[in-house]
Amino acid sequence: MDVSDSVLRHLRHVAALPDLTSTRYELESEIGRGGMGVVYAARDRQLGRRVALKILDSAMAGEARIMAQLEHPAIVPIYEAGALPDDRVFYAMKLVTGARLDHFLGGSPSLAERLRVIRRVGEALAFAHTRGVIHRDLKPQNVMVGEFGEVYVMDWGVDAVAGTPAFRAPDARLDRRSDIYALGALLRFMLPASAPLALSAIAGKAMQADPCARYPDAPALLADIERFAVGLAVEAWSEPWWHRLRRFGARNALLLWLLAAYAGVRFLLFFLRYL
Amino acid sequence: MDKDTAIGGPHGRFPSTQVSLLEAAAAGLPGETLDRVIALYWKPVYKYIRSRFGKDNEDAKDLTQSFFAAALQRDLFARFDPVKASFRTYLRMALERFAASQHAAAKRQKRGGDVGFEPVEEQAATAESPERIFEREWQRQLFSLALDDLRAHCEGCGKRLQFQIFEAYDLAEGERPSYAALAARHGIAETAVTNHLAWARRTLRAIVTERLRGVTSGDRELRNEMRFVWM
């Protein structure tokens, strides 16, 4: 049977659509696709709400189980998993509306807002690591910032994924430290050109080629960001004395102003006595 | 339930009947396996040769024939190593080497006064590379064979109506009829049209998978090829 280009395109599209007749979901539209699967927006007829449906090859059925273990505010909750008549698997999850991190950065958020997002991502990673799950492919396209500022890390722990070059650690075997590398790369990606050197140093330490030279875990990296945020010296950078002085000045501005005012008053009183 | 009626059974699954290339190779590559490979690859190879050398129909057919004859003579299919590449890539690379050697031989003939192949650089410029044409024709041929299988399967198991609806809607060139029009034409409910289309598409997908299983080395390569087809 001859197949024209347009029919071929159509067949490749329709025969790949998931057959949801045996499920409670109704397909709406495709919202994303990657090497491992396709994500559709769908309607849950029973509960009358919209969900995201990820359709995967049966060999990837473990992905839903991995995701279901991870109950965390920064990880998209799984509602249900199941198999389709053609043996592919699906899982339904919360449909996140908002912007992908790379698009979110296009809106030039403040440094504080950027740091808030990277902290949420780091917390999700730290949590997953305690459950023995590594992400393997952390990158801006896998982080969503919701319309109310909520942050979600998506696409966890897919074995077949080898990572995205700019965010992938040069490690022979991916483990928790490889995620730390990716978190550092994500931080670097999120920093504006005018970012303080201390933050660039944190990203640099996380991205060391030698895994042992990186932060030992996500909380250690987050603690360094926290130190920066409250004006303390960060572990990743031995700063020159004038930086230390300036930071000291910034942290103790009120005290220094009071001392200066006190000294000024004493100085004035000293001269008044001899008038 | 006998084998025929089980095809596309209660859940629309198409039973696995084709062994992988490696299993076939272990059994000494029976003719059936070769037929399967040639059925899928003959046209892509032919189109590649036409595009690469700007050959006319007859010459391209002869050269395609020569390629498969040489492949069989040199035990090309049995030497396939799935660790290095997919069978599709392996065959295309072999074809490129064959084409290059044939081109060199033709040039030698040309120097001797005989006219052989058009030099590559004198081809009519096309927007698509020969490699891209090969991949696209491979997909087209895969679906073409799968559609033949689907039609035969529908006729064999009393599902002519399903195929007619599928043909009228999914194989239509240009504007597709509405589900309501199809329902009225066949005197069935619109939901039945939806169900018949869903069944036919699911069965087509299963047939494509089976066709791929027969020309890949195992599950891993099969999954990769499925991603190539569907993504």
# chains A, B, ... in the order shown; residues from 1 in each chain; ligands from 1
$ residues_around --residues "Ala181 in chain B" --least-positions-apart "5" --cutoff "12 Å" --atoms "only C-alpha atoms" --output "VMD selection string"
chain B and resid 165 168 to 169 176 186 to 190 193
$ write_last_selection --atoms "all heavy atoms" --output "JSON list (two decimals), in the first residue's frame"
[["chain", "number", "residue", "atom", "x", "y", "z"],
["B", 165, "ILE", "N", -13.34, 2.10, 7.96],
["B", 165, "ILE", "CA", -13.40, 3.38, 8.68],
["B", 165, "ILE", "C", -12.00, 3.97, 8.84],
["B", 165, "ILE", "O", -11.77, 5.15, 8.60],
["B", 165, "ILE", "CB", -14.10, 3.18, 10.05],
["B", 165, "ILE", "CG1", -15.58, 2.93, 9.81],
["B", 165, "ILE", "CG2", -13.88, 4.38, 10.97],
["B", 165, "ILE", "CD1", -16.35, 2.51, 11.02],
["B", 168, "ALA", "N", -10.92, 5.26, 5.45],
["B", 168, "ALA", "CA", -11.61, 6.50, 5.06],
["B", 168, "ALA", "C", -11.10, 7.69, 5.87],
["B", 168, "ALA", "O", -11.02, 8.81, 5.36],
["B", 168, "ALA", "CB", -13.11, 6.34, 5.28],
["B", 169, "TYR", "N", -10.70, 7.45, 7.10],
["B", 169, "TYR", "CA", -10.30, 8.59, 7.94],
["B", 169, "TYR", "C", -8.77, 8.78, 7.98],
["B", 169, "TYR", "O", -8.26, 9.83, 7.58],
["B", 169, "TYR", "CB", -10.83, 8.39, 9.37],
["B", 169, "TYR", "CG", -10.67, 9.63, 10.21],
["B", 169, "TYR", "CD1", -11.63, 10.65, 10.16],
["B", 169, "TYR", "CD2", -9.55, 9.82, 11.02],
["B", 169, "TYR", "CE1", -11.47, 11.80, 10.89],
["B", 169, "TYR", "CE2", -9.40, 10.98, 11.75],
["B", 169, "TYR", "CZ", -10.36, 11.97, 11.70],
["B", 169, "TYR", "OH", -10.20, 13.11, 12.41],
["B", 176, "ARG", "N", -10.39, 15.15, 5.82],
["B", 176, "ARG", "CA", -10.93, 13.90, 6.39],
["B", 176, "ARG", "C", -12.43, 14.05, 6.64],
["B", 176, "ARG", "O", -12.87, 15.13, 7.04],
["B", 176, "ARG", "CB", -10.23, 13.58, 7.70],
["B", 176, "ARG", "CG", -8.78, 13.33, 7.54],
["B", 176, "ARG", "CD", -8.10, 12.71, 8.73],
["B", 176, "ARG", "NE", -6.88, 12.12, 8.26],
["B", 176, "ARG", "CZ", -5.79, 12.81, 7.95],
["B", 176, "ARG", "NH1", -5.78, 14.11, 8.13],
["B", 176, "ARG", "NH2", -4.72, 12.22, 7.47],
["B", 186, "HIS", "N", -21.94, 4.32, 7.49],
["B", 186, "HIS", "CA", -21.92, 2.89, 7.82],
["B", 186, "HIS", "C", -23.07, 2.47, 8.73],
["B", 186, "HIS", "O", -23.15, 1.30, 9.14],
["B", 186, "HIS", "CB", -20.58, 2.53, 8.49],
["B", 186, "HIS", "CG", -19.41, 2.68, 7.56],
["B", 186, "HIS", "ND1", -19.11, 1.76, 6.59],
["B", 186, "HIS", "CD2", -18.50, 3.67, 7.42],
["B", 186, "HIS", "CE1", -18.05, 2.15, 5.90],
["B", 186, "HIS", "NE2", -17.65, 3.32, 6.39],
["B", 187, "GLY", "N", -23.95, 3.42, 9.08],
["B", 187, "GLY", "CA", -25.10, 3.10, 9.91],
["B", 187, "GLY", "C", -24.72, 2.66, 11.31],
["B", 187, "GLY", "O", -25.31, 1.72, 11.86],
["B", 188, "ILE", "N", -23.73, 3.31, 11.90],
["B", 188, "ILE", "CA", -23.31, 2.96, 13.26],
["B", 188, "ILE", "C", -23.25, 4.24, 14.10],
["B", 188, "ILE", "O", -23.32, 5.35, 13.55],
["B", 188, "ILE", "CB", -21.91, 2.27, 13.29],
["B", 188, "ILE", "CG1", -20.86, 3.14, 12.58],
["B", 188, "ILE", "CG2", -21.97, 0.88, 12.67],
["B", 188, "ILE", "CD1", -19.44, 2.62, 12.68],
["B", 189, "ALA", "N", -23.09, 4.08, 15.41],
["B", 189, "ALA", "CA", -23.01, 5.25, 16.29],
["B", 189, "ALA", "C", -21.64, 5.91, 16.17],
["B", 189, "ALA", "O", -20.66, 5.25, 15.79],
["B", 189, "ALA", "CB", -23.24, 4.82, 17.73],
["B", 190, "GLU", "N", -21.59, 7.19, 16.48],
["B", 190, "GLU", "CA", -20.30, 7.92, 16.42],
["B", 190, "GLU", "C", -19.27, 7.31, 17.37],
["B", 190, "GLU", "O", -18.08, 7.28, 17.07],
["B", 190, "GLU", "CB", -20.56, 9.39, 16.79],
["B", 190, "GLU", "CG", -20.18, 10.34, 15.67],
["B", 190, "GLU", "CD", -20.43, 11.77, 16.07],
["B", 190, "GLU", "OE1", -21.57, 12.20, 15.94],
["B", 190, "GLU", "OE2", -19.46, 12.45, 16.48],
["B", 193, "VAL", "N", -17.48, 4.59, 15.76],
["B", 193, "VAL", "CA", -16.40, 5.08, 14.86],
["B", 193, "VAL", "C", -15.14, 5.33, 15.68],
["B", 193, "VAL", "O", -14.03, 4.91, 15.31],
["B", 193, "VAL", "CB", -16.85, 6.37, 14.13],
["B", 193, "VAL", "CG1", -15.69, 6.99, 13.37],
["B", 193, "VAL", "CG2", -18.01, 6.07, 13.20]]
$ interface_residues --of "chain A" --to "chain B" --cutoff "8 Å" --atoms "only C-alpha atoms" --output "count of residues only"
21
$ residues_around --residues "range 215-227 of chain A" --least-positions-apart "3" --cutoff "7 Å" --atoms "only C-alpha atoms" --output "list of chain:residue names"
A:Arg119, A:Gly122, A:Leu125, A:Ala126, A:Arg177, A:Ile180, A:Lys205, A:Ala206, A:Val230, A:Gly231, A:Leu232, A:Ala233, A:Val234, A:Glu235
$ write_last_selection --atoms "N, CA, C and O atoms" --output "short mmCIF file (atom, residue, chain, number, x, y, z; two decimals), in the first residue's frame"
data_model
loop_
_atom_site.label_atom_id
_atom_site.label_comp_id
_atom_site.auth_asym_id
_atom_site.auth_seq_id
_atom_site.Cartn_x
_atom_site.Cartn_y
_atom_site.Cartn_z
N ARG A 119 17.19 27.15 45.97
CA ARG A 119 17.06 26.49 47.28
C ARG A 119 15.98 25.41 47.24
O ARG A 119 16.16 24.32 47.74
N GLY A 122 17.31 22.50 45.40
CA GLY A 122 18.28 21.80 46.25
C GLY A 122 17.60 20.99 47.34
O GLY A 122 18.03 19.87 47.65
N LEU A 125 16.24 17.85 45.83
CA LEU A 125 17.34 16.90 45.59
C LEU A 125 17.77 16.22 46.88
O LEU A 125 17.95 15.01 46.94
N ALA A 126 17.93 17.06 47.93
CA ALA A 126 18.37 16.53 49.23
C ALA A 126 17.38 15.47 49.71
O ALA A 126 17.78 14.40 50.18
N ARG A 177 26.71 12.69 43.82
CA ARG A 177 27.64 13.80 43.53
C ARG A 177 27.44 14.33 42.10
O ARG A 177 27.76 15.48 41.82
N ILE A 180 24.90 16.85 42.43
CA ILE A 180 25.46 18.08 43.02
C ILE A 180 26.10 18.92 41.90
O ILE A 180 25.96 20.14 41.85
N LYS A 205 32.55 25.28 42.94
CA LYS A 205 32.90 24.16 43.83
C LYS A 205 31.99 22.94 43.55
O LYS A 205 32.47 21.81 43.52
N ALA A 206 30.72 23.21 43.31
CA ALA A 206 29.79 22.10 43.03
C ALA A 206 30.13 21.42 41.71
O ALA A 206 29.84 20.24 41.52
N VAL A 230 23.03 35.52 54.35
CA VAL A 230 23.04 36.28 55.61
C VAL A 230 24.34 37.07 55.79
O VAL A 230 24.60 37.61 56.87
N GLY A 231 25.16 37.08 54.75
CA GLY A 231 26.35 37.93 54.78
C GLY A 231 27.57 37.30 55.42
O GLY A 231 28.53 37.99 55.77
N LEU A 232 27.56 35.97 55.58
CA LEU A 232 28.74 35.29 56.12
C LEU A 232 29.67 34.86 54.99
O LEU A 232 29.26 34.84 53.82
N ALA A 233 30.88 34.48 55.36
CA ALA A 233 31.83 33.99 54.36
C ALA A 233 31.37 32.62 53.89
O ALA A 233 30.89 31.81 54.69
N VAL A 234 31.51 32.36 52.57
CA VAL A 234 31.11 31.05 52.06
C VAL A 234 32.32 30.12 52.07
O VAL A 234 33.46 30.57 51.96
N GLU A 235 32.05 28.82 52.20
CA GLU A 235 33.13 27.82 52.25
C GLU A 235 33.88 27.74 50.93
O GLU A 235 35.05 27.43 50.88
#
$ select_by_dssp --residues "range 11-198 of chain A" --states "strand (DSSP E)" --output "ChimeraX atom specification"
/A:25-33,37-44,49-56,78-83,89-94,98-100,143-146,151-153
$ select_by_dssp --residues "range 81-226 of chain B" --states "alpha helix (DSSP H)" --output "number ranges by chain"
B: 87-111, 130-156, 160-170, 179-186, 190-213, 219-226
